[in-house]
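Structure file my_file21.txt (compact mmCIF, C-alpha atoms and all ligand atoms) is printed below.
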# COMPACT_ATOMS: atom_id res chain seq x y z
CA MET A 1 -22.94 168.20 -57.96
CA THR A 2 -23.86 171.85 -58.42
CA ALA A 3 -24.00 172.90 -62.06
CA ALA A 4 -21.47 175.52 -63.16
CA ILE A 5 -24.24 177.36 -65.01
CA GLU A 6 -27.93 176.87 -64.48
CA LEU A 7 -30.90 178.55 -66.14
CA GLU A 8 -34.30 177.87 -64.66
CA ASP A 9 -37.35 178.79 -66.72
CA VAL A 10 -35.71 181.99 -67.97
CA ARG A 11 -37.95 184.40 -69.83
CA VAL A 12 -36.97 187.63 -71.52
CA SER A 13 -39.38 190.13 -73.05
CA PHE A 14 -38.52 193.26 -75.01
CA GLY A 15 -41.78 195.18 -74.96
CA ARG A 16 -44.23 192.86 -76.67
CA VAL A 17 -41.54 190.61 -78.14
CA GLU A 18 -40.95 187.46 -76.10
CA ALA A 19 -37.36 186.71 -77.08
CA VAL A 20 -36.82 183.85 -74.61
CA LYS A 21 -39.79 181.75 -73.58
CA GLY A 22 -38.89 179.71 -70.54
CA VAL A 23 -35.46 178.22 -71.10
CA SER A 24 -34.03 175.76 -68.57
CA LEU A 25 -30.60 174.24 -68.94
CA SER A 26 -27.50 173.40 -66.98
CA VAL A 27 -23.84 173.21 -67.85
CA ALA A 28 -21.49 171.02 -65.83
CA ARG A 29 -17.99 172.10 -64.92
CA GLY A 30 -15.66 171.37 -67.83
CA GLU A 31 -18.50 171.21 -70.32
CA LEU A 32 -19.07 173.29 -73.45
CA LEU A 33 -22.74 173.61 -74.35
CA MET A 34 -23.59 174.82 -77.83
CA LEU A 35 -26.73 176.90 -78.38
CA LEU A 36 -27.72 176.23 -81.96
CA GLY A 37 -30.51 177.95 -83.86
CA GLY A 38 -31.43 180.33 -86.63
CA SER A 39 -31.23 184.09 -86.56
CA GLY A 40 -33.62 185.64 -84.05
CA SER A 41 -34.21 182.39 -82.17
CA GLY A 42 -33.08 183.95 -78.88
CA LYS A 43 -29.54 182.55 -78.57
CA THR A 44 -27.75 185.82 -77.84
CA THR A 45 -30.44 186.99 -75.44
CA THR A 46 -30.27 183.70 -73.53
CA LEU A 47 -26.47 183.93 -73.38
CA LYS A 48 -26.55 187.51 -72.10
CA THR A 49 -28.72 186.58 -69.12
CA ILE A 50 -25.72 184.65 -67.78
CA ASN A 51 -23.58 187.75 -67.25
CA ARG A 52 -26.54 190.08 -66.80
CA LEU A 53 -26.10 192.05 -69.97
CA VAL A 54 -29.80 191.16 -70.18
CA GLU A 55 -32.04 190.81 -67.12
CA PRO A 56 -34.67 188.06 -67.35
CA SER A 57 -38.28 189.10 -66.85
CA ALA A 58 -38.80 185.80 -65.03
CA GLY A 59 -36.83 182.77 -63.94
CA ALA A 60 -33.39 182.43 -62.41
CA VAL A 61 -29.77 182.15 -63.50
CA ARG A 62 -27.21 180.59 -61.19
CA LEU A 63 -23.43 180.32 -61.32
CA ASP A 64 -22.14 177.53 -59.13
CA GLY A 65 -25.46 177.54 -57.35
CA GLU A 66 -25.46 181.28 -56.64
CA ASP A 67 -28.14 183.52 -58.14
CA VAL A 68 -26.44 186.05 -60.45
CA ARG A 69 -28.89 188.75 -59.28
CA ARG A 70 -27.13 188.67 -55.94
CA MET A 71 -23.76 189.40 -57.52
CA VAL A 72 -22.37 192.86 -58.20
CA PRO A 73 -22.27 193.16 -62.03
CA HIS A 74 -18.57 193.99 -62.30
CA ALA A 75 -17.67 191.11 -59.97
CA LEU A 76 -19.90 188.82 -62.02
CA ARG A 77 -18.25 189.89 -65.28
CA ARG A 78 -14.86 189.08 -63.84
CA ARG A 79 -16.02 185.54 -63.26
CA VAL A 80 -17.45 185.26 -66.76
CA GLY A 81 -15.34 185.69 -69.91
CA TYR A 82 -17.16 186.98 -72.96
CA CYS A 83 -16.21 186.67 -76.60
CA PHE A 84 -18.32 188.26 -79.36
CA GLN A 85 -18.45 187.95 -83.08
CA ARG A 86 -17.16 191.50 -83.50
CA ILE A 87 -14.62 191.17 -80.79
CA GLY A 88 -13.97 194.88 -80.41
CA LEU A 89 -10.30 194.82 -79.52
CA PHE A 90 -9.24 198.21 -78.27
CA PRO A 91 -7.57 199.78 -81.31
CA HIS A 92 -5.16 201.99 -79.36
CA LEU A 93 -3.85 199.15 -77.22
CA THR A 94 -1.37 196.57 -78.47
CA VAL A 95 -2.31 192.92 -78.74
CA ALA A 96 -0.55 192.18 -75.44
CA GLU A 97 -2.26 195.11 -73.69
CA ASN A 98 -5.66 193.99 -74.94
CA ILE A 99 -5.18 190.56 -73.41
CA ALA A 100 -3.68 192.02 -70.22
CA LEU A 101 -6.72 194.21 -69.61
CA PRO A 102 -9.06 191.72 -67.85
CA PRO A 103 -6.41 190.35 -65.45
CA ARG A 104 -5.25 193.91 -64.69
CA LEU A 105 -8.84 194.92 -63.92
CA SER A 106 -8.99 191.91 -61.61
CA GLY A 107 -5.97 193.26 -59.76
CA TRP A 108 -3.43 190.63 -60.75
CA PRO A 109 0.20 191.52 -59.99
CA GLU A 110 2.03 192.72 -63.09
CA GLU A 111 4.39 189.75 -63.23
CA ARG A 112 1.53 187.27 -63.29
CA VAL A 113 -0.26 189.34 -65.95
CA ARG A 114 2.82 189.25 -68.17
CA ALA A 115 3.24 185.51 -67.79
CA ARG A 116 -0.45 184.97 -68.55
CA VAL A 117 -0.31 187.09 -71.73
CA ALA A 118 2.68 185.11 -73.01
CA GLU A 119 0.99 181.82 -72.16
CA LEU A 120 -2.25 182.75 -73.95
CA LEU A 121 -0.54 184.12 -77.04
CA ALA A 122 1.35 180.83 -77.30
CA LEU A 123 -1.93 178.95 -76.88
CA VAL A 124 -3.58 180.79 -79.78
CA GLU A 125 -0.38 180.49 -81.82
CA LEU A 126 0.48 184.16 -81.99
CA PRO A 127 3.86 184.23 -80.22
CA LEU A 128 4.39 187.23 -77.97
CA GLU A 129 7.70 188.21 -79.56
CA GLU A 130 6.15 188.50 -82.99
CA TYR A 131 2.63 189.71 -82.25
CA GLY A 132 2.53 191.14 -78.74
CA SER A 133 3.42 194.72 -79.59
CA ARG A 134 1.33 194.97 -82.75
CA ALA A 135 -1.78 197.07 -83.05
CA PRO A 136 -4.96 195.03 -83.67
CA ARG A 137 -5.31 196.55 -87.14
CA ALA A 138 -1.95 194.99 -88.06
CA LEU A 139 -3.53 191.53 -87.71
CA SER A 140 -5.77 189.60 -90.09
CA GLY A 141 -9.40 189.00 -89.14
CA GLY A 142 -8.64 185.47 -88.02
CA GLN A 143 -5.70 186.60 -85.91
CA GLN A 144 -7.82 189.31 -84.28
CA GLN A 145 -10.41 186.66 -83.47
CA ARG A 146 -7.70 184.57 -81.79
CA VAL A 147 -6.75 187.55 -79.68
CA GLY A 148 -10.42 187.92 -78.75
CA VAL A 149 -10.50 184.32 -77.56
CA ALA A 150 -7.28 184.86 -75.61
CA ARG A 151 -8.70 188.00 -73.99
CA ALA A 152 -11.89 186.19 -72.97
CA LEU A 153 -9.79 183.54 -71.22
CA ALA A 154 -7.20 185.94 -69.80
CA ALA A 155 -8.44 186.41 -66.24
CA GLU A 156 -9.06 182.67 -65.82
CA PRO A 157 -12.83 183.12 -65.73
CA GLU A 158 -14.92 180.34 -64.25
CA VAL A 159 -17.06 180.26 -67.34
CA VAL A 160 -16.73 181.65 -70.85
CA LEU A 161 -19.54 182.80 -73.12
CA PHE A 162 -18.94 182.74 -76.87
CA ASP A 163 -21.35 184.50 -79.22
CA GLU A 164 -20.61 183.35 -82.76
CA PRO A 165 -16.96 184.31 -82.35
CA PHE A 166 -15.98 182.77 -85.69
CA GLY A 167 -19.18 183.67 -87.53
CA ALA A 168 -17.68 186.30 -89.81
CA LEU A 169 -14.75 184.20 -90.96
CA ASP A 170 -14.35 182.11 -94.09
CA PRO A 171 -14.91 178.35 -93.65
CA ILE A 172 -11.25 177.33 -93.70
CA LEU A 173 -10.21 179.91 -91.15
CA ARG A 174 -13.23 179.02 -89.05
CA GLU A 175 -12.21 175.39 -89.03
CA SER A 176 -8.69 176.30 -87.97
CA LEU A 177 -9.98 178.43 -85.08
CA GLN A 178 -12.32 175.64 -84.04
CA GLY A 179 -9.23 173.43 -83.92
CA ALA A 180 -7.46 176.03 -81.79
CA LEU A 181 -10.39 176.12 -79.38
CA ARG A 182 -10.39 172.32 -79.11
CA THR A 183 -6.67 172.41 -78.30
CA ILE A 184 -7.27 175.05 -75.65
CA ARG A 185 -10.02 172.94 -74.13
CA ALA A 186 -7.79 169.88 -74.04
CA ARG A 187 -4.99 171.84 -72.38
CA VAL A 188 -6.70 174.10 -69.89
CA GLY A 189 -10.26 172.83 -69.65
CA LEU A 190 -13.13 175.22 -70.21
CA THR A 191 -16.68 175.63 -69.01
CA GLY A 192 -19.04 177.63 -71.13
CA VAL A 193 -21.81 178.27 -73.57
CA PHE A 194 -21.11 178.78 -77.26
CA VAL A 195 -23.74 180.29 -79.54
CA THR A 196 -23.76 179.36 -83.21
CA HIS A 197 -26.15 179.11 -86.15
CA ASP A 198 -23.84 176.59 -87.82
CA VAL A 199 -24.68 172.94 -87.23
CA LEU A 200 -21.20 171.82 -88.29
CA GLU A 201 -19.66 174.12 -85.72
CA ALA A 202 -22.04 172.81 -83.06
CA LEU A 203 -21.08 169.23 -83.92
CA ALA A 204 -17.37 170.04 -84.03
CA LEU A 205 -17.12 171.79 -80.67
CA GLY A 206 -19.97 170.82 -78.38
CA ASP A 207 -20.18 168.25 -75.64
CA ARG A 208 -23.91 168.84 -75.83
CA ILE A 209 -26.07 170.92 -78.13
CA GLY A 210 -29.19 172.88 -77.21
CA VAL A 211 -31.39 173.63 -80.20
CA MET A 212 -33.33 176.89 -80.08
CA ARG A 213 -36.19 178.06 -82.22
CA ASP A 214 -38.42 181.06 -81.72
CA GLY A 215 -37.33 181.68 -78.12
CA GLU A 216 -37.71 178.07 -77.05
CA LEU A 217 -35.12 175.45 -76.27
CA LEU A 218 -36.46 172.49 -78.23
CA GLN A 219 -33.98 169.88 -77.02
CA VAL A 220 -30.63 169.51 -75.30
CA GLY A 221 -28.42 166.49 -75.76
CA THR A 222 -25.19 165.08 -77.09
CA PRO A 223 -24.87 165.17 -80.88
CA ARG A 224 -25.60 161.45 -80.95
CA GLU A 225 -28.69 161.79 -78.78
CA LEU A 226 -30.07 164.53 -81.00
CA GLU A 227 -29.36 162.50 -84.08
CA ARG A 228 -30.84 159.26 -82.73
CA ALA A 229 -33.88 160.69 -81.02
CA PRO A 230 -34.74 164.18 -82.26
CA ALA A 231 -37.54 165.59 -80.12
CA ASP A 232 -38.81 167.80 -82.90
CA PRO A 233 -38.86 167.72 -86.72
CA TYR A 234 -36.76 170.91 -86.72
CA VAL A 235 -34.04 169.20 -84.70
CA ARG A 236 -34.06 166.27 -87.10
CA GLU A 237 -33.83 168.57 -90.09
CA LEU A 238 -30.92 170.51 -88.60
CA LEU A 239 -28.95 167.40 -87.70
CA GLU A 240 -29.54 165.88 -91.11
CA ALA A 241 -28.38 168.99 -92.97
CA PRO A 242 -24.67 168.05 -93.19
CA ARG A 243 -25.51 164.60 -94.49
CA ARG A 244 -27.95 166.05 -97.02
CA ALA A 245 -25.26 168.39 -98.28
CA LEU A 246 -22.81 165.51 -98.67
CA ALA A 247 -25.40 163.37 -100.42
CA ALA A 248 -26.12 166.20 -102.84
CA LEU A 249 -22.41 166.47 -103.53
CA GLU A 250 -22.12 162.76 -104.20
CA GLY A 251 -25.19 162.93 -106.42
CA ASP A 252 -23.32 165.48 -108.54
CA ASP A 253 -20.51 162.97 -109.07
CA ALA A 254 -22.79 160.23 -110.29
N1 LIG B 301 -32.47 194.84 -77.15
C1 LIG B 301 -33.50 194.35 -77.83
N2 LIG B 301 -34.65 195.06 -77.98
C2 LIG B 301 -35.71 194.56 -78.64
N3 LIG B 301 -35.73 193.35 -79.21
C3 LIG B 301 -34.63 192.58 -79.12
C4 LIG B 301 -33.46 193.04 -78.43
N4 LIG B 301 -32.52 192.06 -78.49
C5 LIG B 301 -33.07 191.05 -79.18
N5 LIG B 301 -34.34 191.36 -79.56
C6 LIG B 301 -35.25 190.46 -80.31
O1 LIG B 301 -35.31 189.23 -79.62
C7 LIG B 301 -35.32 188.14 -80.54
C8 LIG B 301 -34.14 187.22 -80.27
O2 LIG B 301 -32.94 187.91 -80.58
P1 LIG B 301 -31.50 187.28 -80.35
O3 LIG B 301 -31.43 186.74 -78.99
O4 LIG B 301 -30.51 188.31 -80.74
O5 LIG B 301 -31.48 186.06 -81.39
P2 LIG B 301 -30.26 185.24 -82.02
O6 LIG B 301 -29.03 185.55 -81.23
O7 LIG B 301 -30.68 183.82 -81.93
O8 LIG B 301 -30.15 185.70 -83.44
C9 LIG B 301 -35.34 188.77 -81.92
O9 LIG B 301 -36.68 188.86 -82.33
C10 LIG B 301 -34.74 190.12 -81.69
O10 LIG B 301 -35.20 191.04 -82.65
MG MG B 302 -27.19 186.35 -81.88
Produce C-alpha cells that represent the structure in this file.
Ligand SMILES: Nc1ncnc2c1ncn2[C@@H]1O[C@H](COP(=O)(O)OP(=O)(O)O)[C@@H](O)[C@H]1O
Ligand SMILES: [Mg+2]
Amino acid sequence: MTAAIELEDVRVSFGRVEAVKGVSLSVARGELLMLLGGSGSGKTTTLKTINRLVEPSAGAVRLDGEDVRRMVPHALRRRVGYCFQRIGLFPHLTVAENIALPPRLSGWPEERVRARVAELLALVELPLEEYGSRAPRALSGGQQQRVGVARALAAEPEVVLFDEPFGALDPILRESLQGALRTIRARVGLTGVFVTHDVLEALALGDRIGVMRDGELLQVGTPRELERAPADPYVRELLEAPRRALAALEGDDA
C-alpha cells in the first residue's frame, strides 16, 4: 500500500547549517507518527518539508505517492492541516469564523461549513452556542489551543501536522488536550506527524515514535520496540527517563 506520507533521504541546509541530514520515514494512513527530540534536533524543519514551508536541498517528500514538488503550494496546504505551538488564531475573527476559514478557502458550501464548525467545536468540547461567537482573547490558553486543533482539522485534510501544539501549556492541561486528541482520533481517524520534545507525550499519543538528534532520525518504532531494542544509547536514555523520574520519586518516599 502507498504510504500517506513518505520522506526519502530528505536533507535541509540553511547556509552552512545542516538541519536535516538524510531523513527517511513513512506514515501509513490512519497512523500518528511522533517526532521526538531535543531543541534544535531538526523536528520542525523535517515537519515543514511535508507542506513545503521548507524546501529540501535533497531527497523527496511524497503524499499518497505523489511528489509534493509537483503540487501547487496552496493546493498542497489544503490537503495538509497544520497546527503550531503558537496557534495564531485570527484575533478579529470569532472562534467559529477561525475554524470556518480553511473550509471556506477550500470552497465548501456555507451550509456544510456551518455543520462542520459545530461538529468540531463539539469534538473539542467547546460547544458552539457557548463559544462560537467569542473572540479568541476571551478564551483561556488551553481553549485557544483546542480551537487551533479544530481549525487544523476543519477542511478534512488528508494529513495533519502538529508542531508542539500543547508545548506551552501546564502539565494538567496538556494531559487533558492529549486526551481530547485521542478521542478525536478514535472518532474520526487521523493521519499525521506530531512533533514533541516530551517523551511522555510521545508515549501517550504515538502509534510509532521517531527519535531525532542533531538532524538525524536515530530510530523509528513503536514505543515497545524502542524500549526493547533501542538502536542508540540516546534512544535508551530517552525511553528510560519516565521510569527514572518515577524511581527517584519512590526513592524519596523510602
Ligand atoms: N530558517 C532557518 N534559518 C537558519 N537556520 C535554521 C532555520 N530554521 C531552523 N534552523 C536551524 O536548524 C536546526 C534545526 O532547527 P529546528 O528544525 O527548528 O529544530 P527543532 O524543531 O527540533 O527544535 C537548528 O540548528 C536551527 O537553528
Ligand atoms: Mg521545533
Check every protein, DNA and RNA residue against ligand MG 302 (chain B), keep those with an atom at most 10 Å away (counting all atoms listed in the file), and present them as a JSON list (two decimals) with C-alpha atoms, in the frame of the given file.
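That gives us part_17.json:
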[["chain", "number", "residue", "atom", "x", "y", "z"],
["A", 37, "GLY", "CA", -30.51, 177.95, -83.86],
["A", 38, "GLY", "CA", -31.43, 180.33, -86.63],
["A", 39, "SER", "CA", -31.23, 184.09, -86.56],
["A", 40, "GLY", "CA", -33.62, 185.64, -84.05],
["A", 41, "SER", "CA", -34.21, 182.39, -82.17],
["A", 42, "GLY", "CA", -33.08, 183.95, -78.88],
["A", 43, "LYS", "CA", -29.54, 182.55, -78.57],
["A", 44, "THR", "CA", -27.75, 185.82, -77.84],
["A", 45, "THR", "CA", -30.44, 186.99, -75.44],
["A", 46, "THR", "CA", -30.27, 183.70, -73.53],
["A", 47, "LEU", "CA", -26.47, 183.93, -73.38],
["A", 48, "LYS", "CA", -26.55, 187.51, -72.10],
["A", 84, "PHE", "CA", -18.32, 188.26, -79.36],
["A", 85, "GLN", "CA", -18.45, 187.95, -83.08],
["A", 163, "ASP", "CA", -21.35, 184.50, -79.22],
["A", 164, "GLU", "CA", -20.61, 183.35, -82.76],
["A", 195, "VAL", "CA", -23.74, 180.29, -79.54],
["A", 196, "THR", "CA", -23.76, 179.36, -83.21],
["A", 197, "HIS", "CA", -26.15, 179.11, -86.15]]
Legend entry - Atom-to-atom span, CA of Leu173 in chain A and CA of Pro102 in chain A, Å: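 It comes out at 26.1 Å.
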Legend entry - A:Ala3, A:Val117, A:Ala96, A:Ile50 ranked by distance to Asp64 in chain A, top pick (using all atoms listed in the file):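 Checking each of A:Ala3, A:Val117, A:Ala96, A:Ile50 against Asp64 in chain A, counting all atoms listed in the file, the winner is A:Ala3.
Rounded to one decimal, CA of Met212 in chain A and CA of Arg174 in chain A lie 22.1 Å from each other.
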Inset, instruction - Would you mind reading off the distance between CA of Ala118 in chain A and CA of Leu153 in chain A, one decimal, in Å? - result: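 A separation of 12.7 Å between them.
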Legend entry - Protein, DNA and RNA residues within 9 Å of (-15.9, 186.6, -72.5), all atoms listed in the file, as a PyMOL selection string: chain A and resi 77+80-84+148-149+151-153+157+159-163
Inset, instruction - Would you kindly return, as a list of chain:residue names, each protein, DNA or RNA residue with an atom no farther than 9 Å from any atom of Pro223 in chain A, considering all atoms listed in the file and excluding same-chain residues fewer than 5 positions away? - result: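 Residues meeting the cut-off are A:Ala202, A:Leu203, A:Gly206, A:Asp207, A:Arg208, A:Ile209, A:Arg228, A:Leu239.
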Inset, instruction - Write out as number ranges by chain each polymer residue whose atoms come within 12 Å of Leu218 in chain A, counting all atoms listed in the file; drop sequence neighbours fewer than 3 positions from it. - result: A: 20-25, 35-37, 41-42, 209-215, 221, 226, 230-236, 238
Take the residues from that selection and put them in a file with C-alpha atoms, as a compact mmCIF listing (two decimals), keeping the file's coordinate frame.
# COMPACT_ATOMS: atom_id res chain seq x y z
CA VAL A 20 -36.82 183.85 -74.61
CA LYS A 21 -39.79 181.75 -73.58
CA GLY A 22 -38.89 179.71 -70.54
CA VAL A 23 -35.46 178.22 -71.10
CA SER A 24 -34.03 175.76 -68.57
CA LEU A 25 -30.60 174.24 -68.94
CA LEU A 35 -26.73 176.90 -78.38
CA LEU A 36 -27.72 176.23 -81.96
CA GLY A 37 -30.51 177.95 -83.86
CA SER A 41 -34.21 182.39 -82.17
CA GLY A 42 -33.08 183.95 -78.88
CA ILE A 209 -26.07 170.92 -78.13
CA GLY A 210 -29.19 172.88 -77.21
CA VAL A 211 -31.39 173.63 -80.20
CA MET A 212 -33.33 176.89 -80.08
CA ARG A 213 -36.19 178.06 -82.22
CA ASP A 214 -38.42 181.06 -81.72
CA GLY A 215 -37.33 181.68 -78.12
CA GLY A 221 -28.42 166.49 -75.76
CA LEU A 226 -30.07 164.53 -81.00
CA PRO A 230 -34.74 164.18 -82.26
CA ALA A 231 -37.54 165.59 -80.12
CA ASP A 232 -38.81 167.80 -82.90
CA PRO A 233 -38.86 167.72 -86.72
CA TYR A 234 -36.76 170.91 -86.72
CA VAL A 235 -34.04 169.20 -84.70
CA ARG A 236 -34.06 166.27 -87.10
CA LEU A 238 -30.92 170.51 -88.60
Legend entry - Counting only C-alpha atoms, the residue of A:Leu169, A:Val147, A:Val95, A:Leu105 that sits nearest Gly132 in chain A: A:Val95
Inset, instruction - Go through A:Gly167, A:Gly107, A:Gly251, A:Gly179 and flag the residue nearest ligand LIG 301 (chain B), using only C-alpha atoms and all ligand atoms for the distances. - result: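 Using only C-alpha atoms and all ligand atoms, ligand LIG 301 (chain B) sits closest to A:Gly167.
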Legend entry - All residues 9 Å or closer to Gly189 in chain A, all atoms listed in the file, same chain fewer than 4 positions away omitted, as an MDAnalysis selection string: chainID A and resid 30:31 184:185
Legend entry - Nearest residue to Ile99 in chain A from the set A:Ala204, A:Ala150, A:Ala75, A:Ala58 (distances using all atoms listed in the file):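 That would be A:Ala150, the residue with the smallest distance to Ile99 in chain A.
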Inset, instruction - Return the single residue from A:Asn98, A:Glu18, A:Asp198, A:Ala155 that is closest to Ser133 in chain A, with distances computed using all atoms listed in the file. - result: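 The answer is A:Asn98, which sits nearest to Ser133 in chain A.
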Inset, instruction - Go through A:Ser13, A:Ser26, A:Ser57, A:Asn51 one by one, measure the shortest atom-to-atom distance of each to ligand LIG 301 (chain B) using all atoms listed in the file, and give the residue with the smallest value. - result: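 Using all atoms listed in the file, ligand LIG 301 (chain B) sits closest to A:Ser13.
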So which residues touch Arg243 in chain A within 12 Å, counting all atoms listed in the file, skipping near sequence neighbours fewer than 6 positions away, as a PDB file with C-alpha atoms, in the coordinates of the input?
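Once written, selection-v7.pdb looks like this:
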ATOM      1  CA  VAL A 199     -24.680 172.940 -87.230  1.00  0.00           C
ATOM      2  CA  LEU A 200     -21.200 171.820 -88.290  1.00  0.00           C
ATOM      3  CA  GLU A 227     -29.360 162.500 -84.080  1.00  0.00           C
ATOM      4  CA  ARG A 236     -34.060 166.270 -87.100  1.00  0.00           C
ATOM      5  CA  GLU A 237     -33.830 168.570 -90.090  1.00  0.00           C
ATOM      6  CA  LEU A 249     -22.410 166.470-103.530  1.00  0.00           C
ATOM      7  CA  GLU A 250     -22.120 162.760-104.200  1.00  0.00           C
TER       8      GLU A 250
END
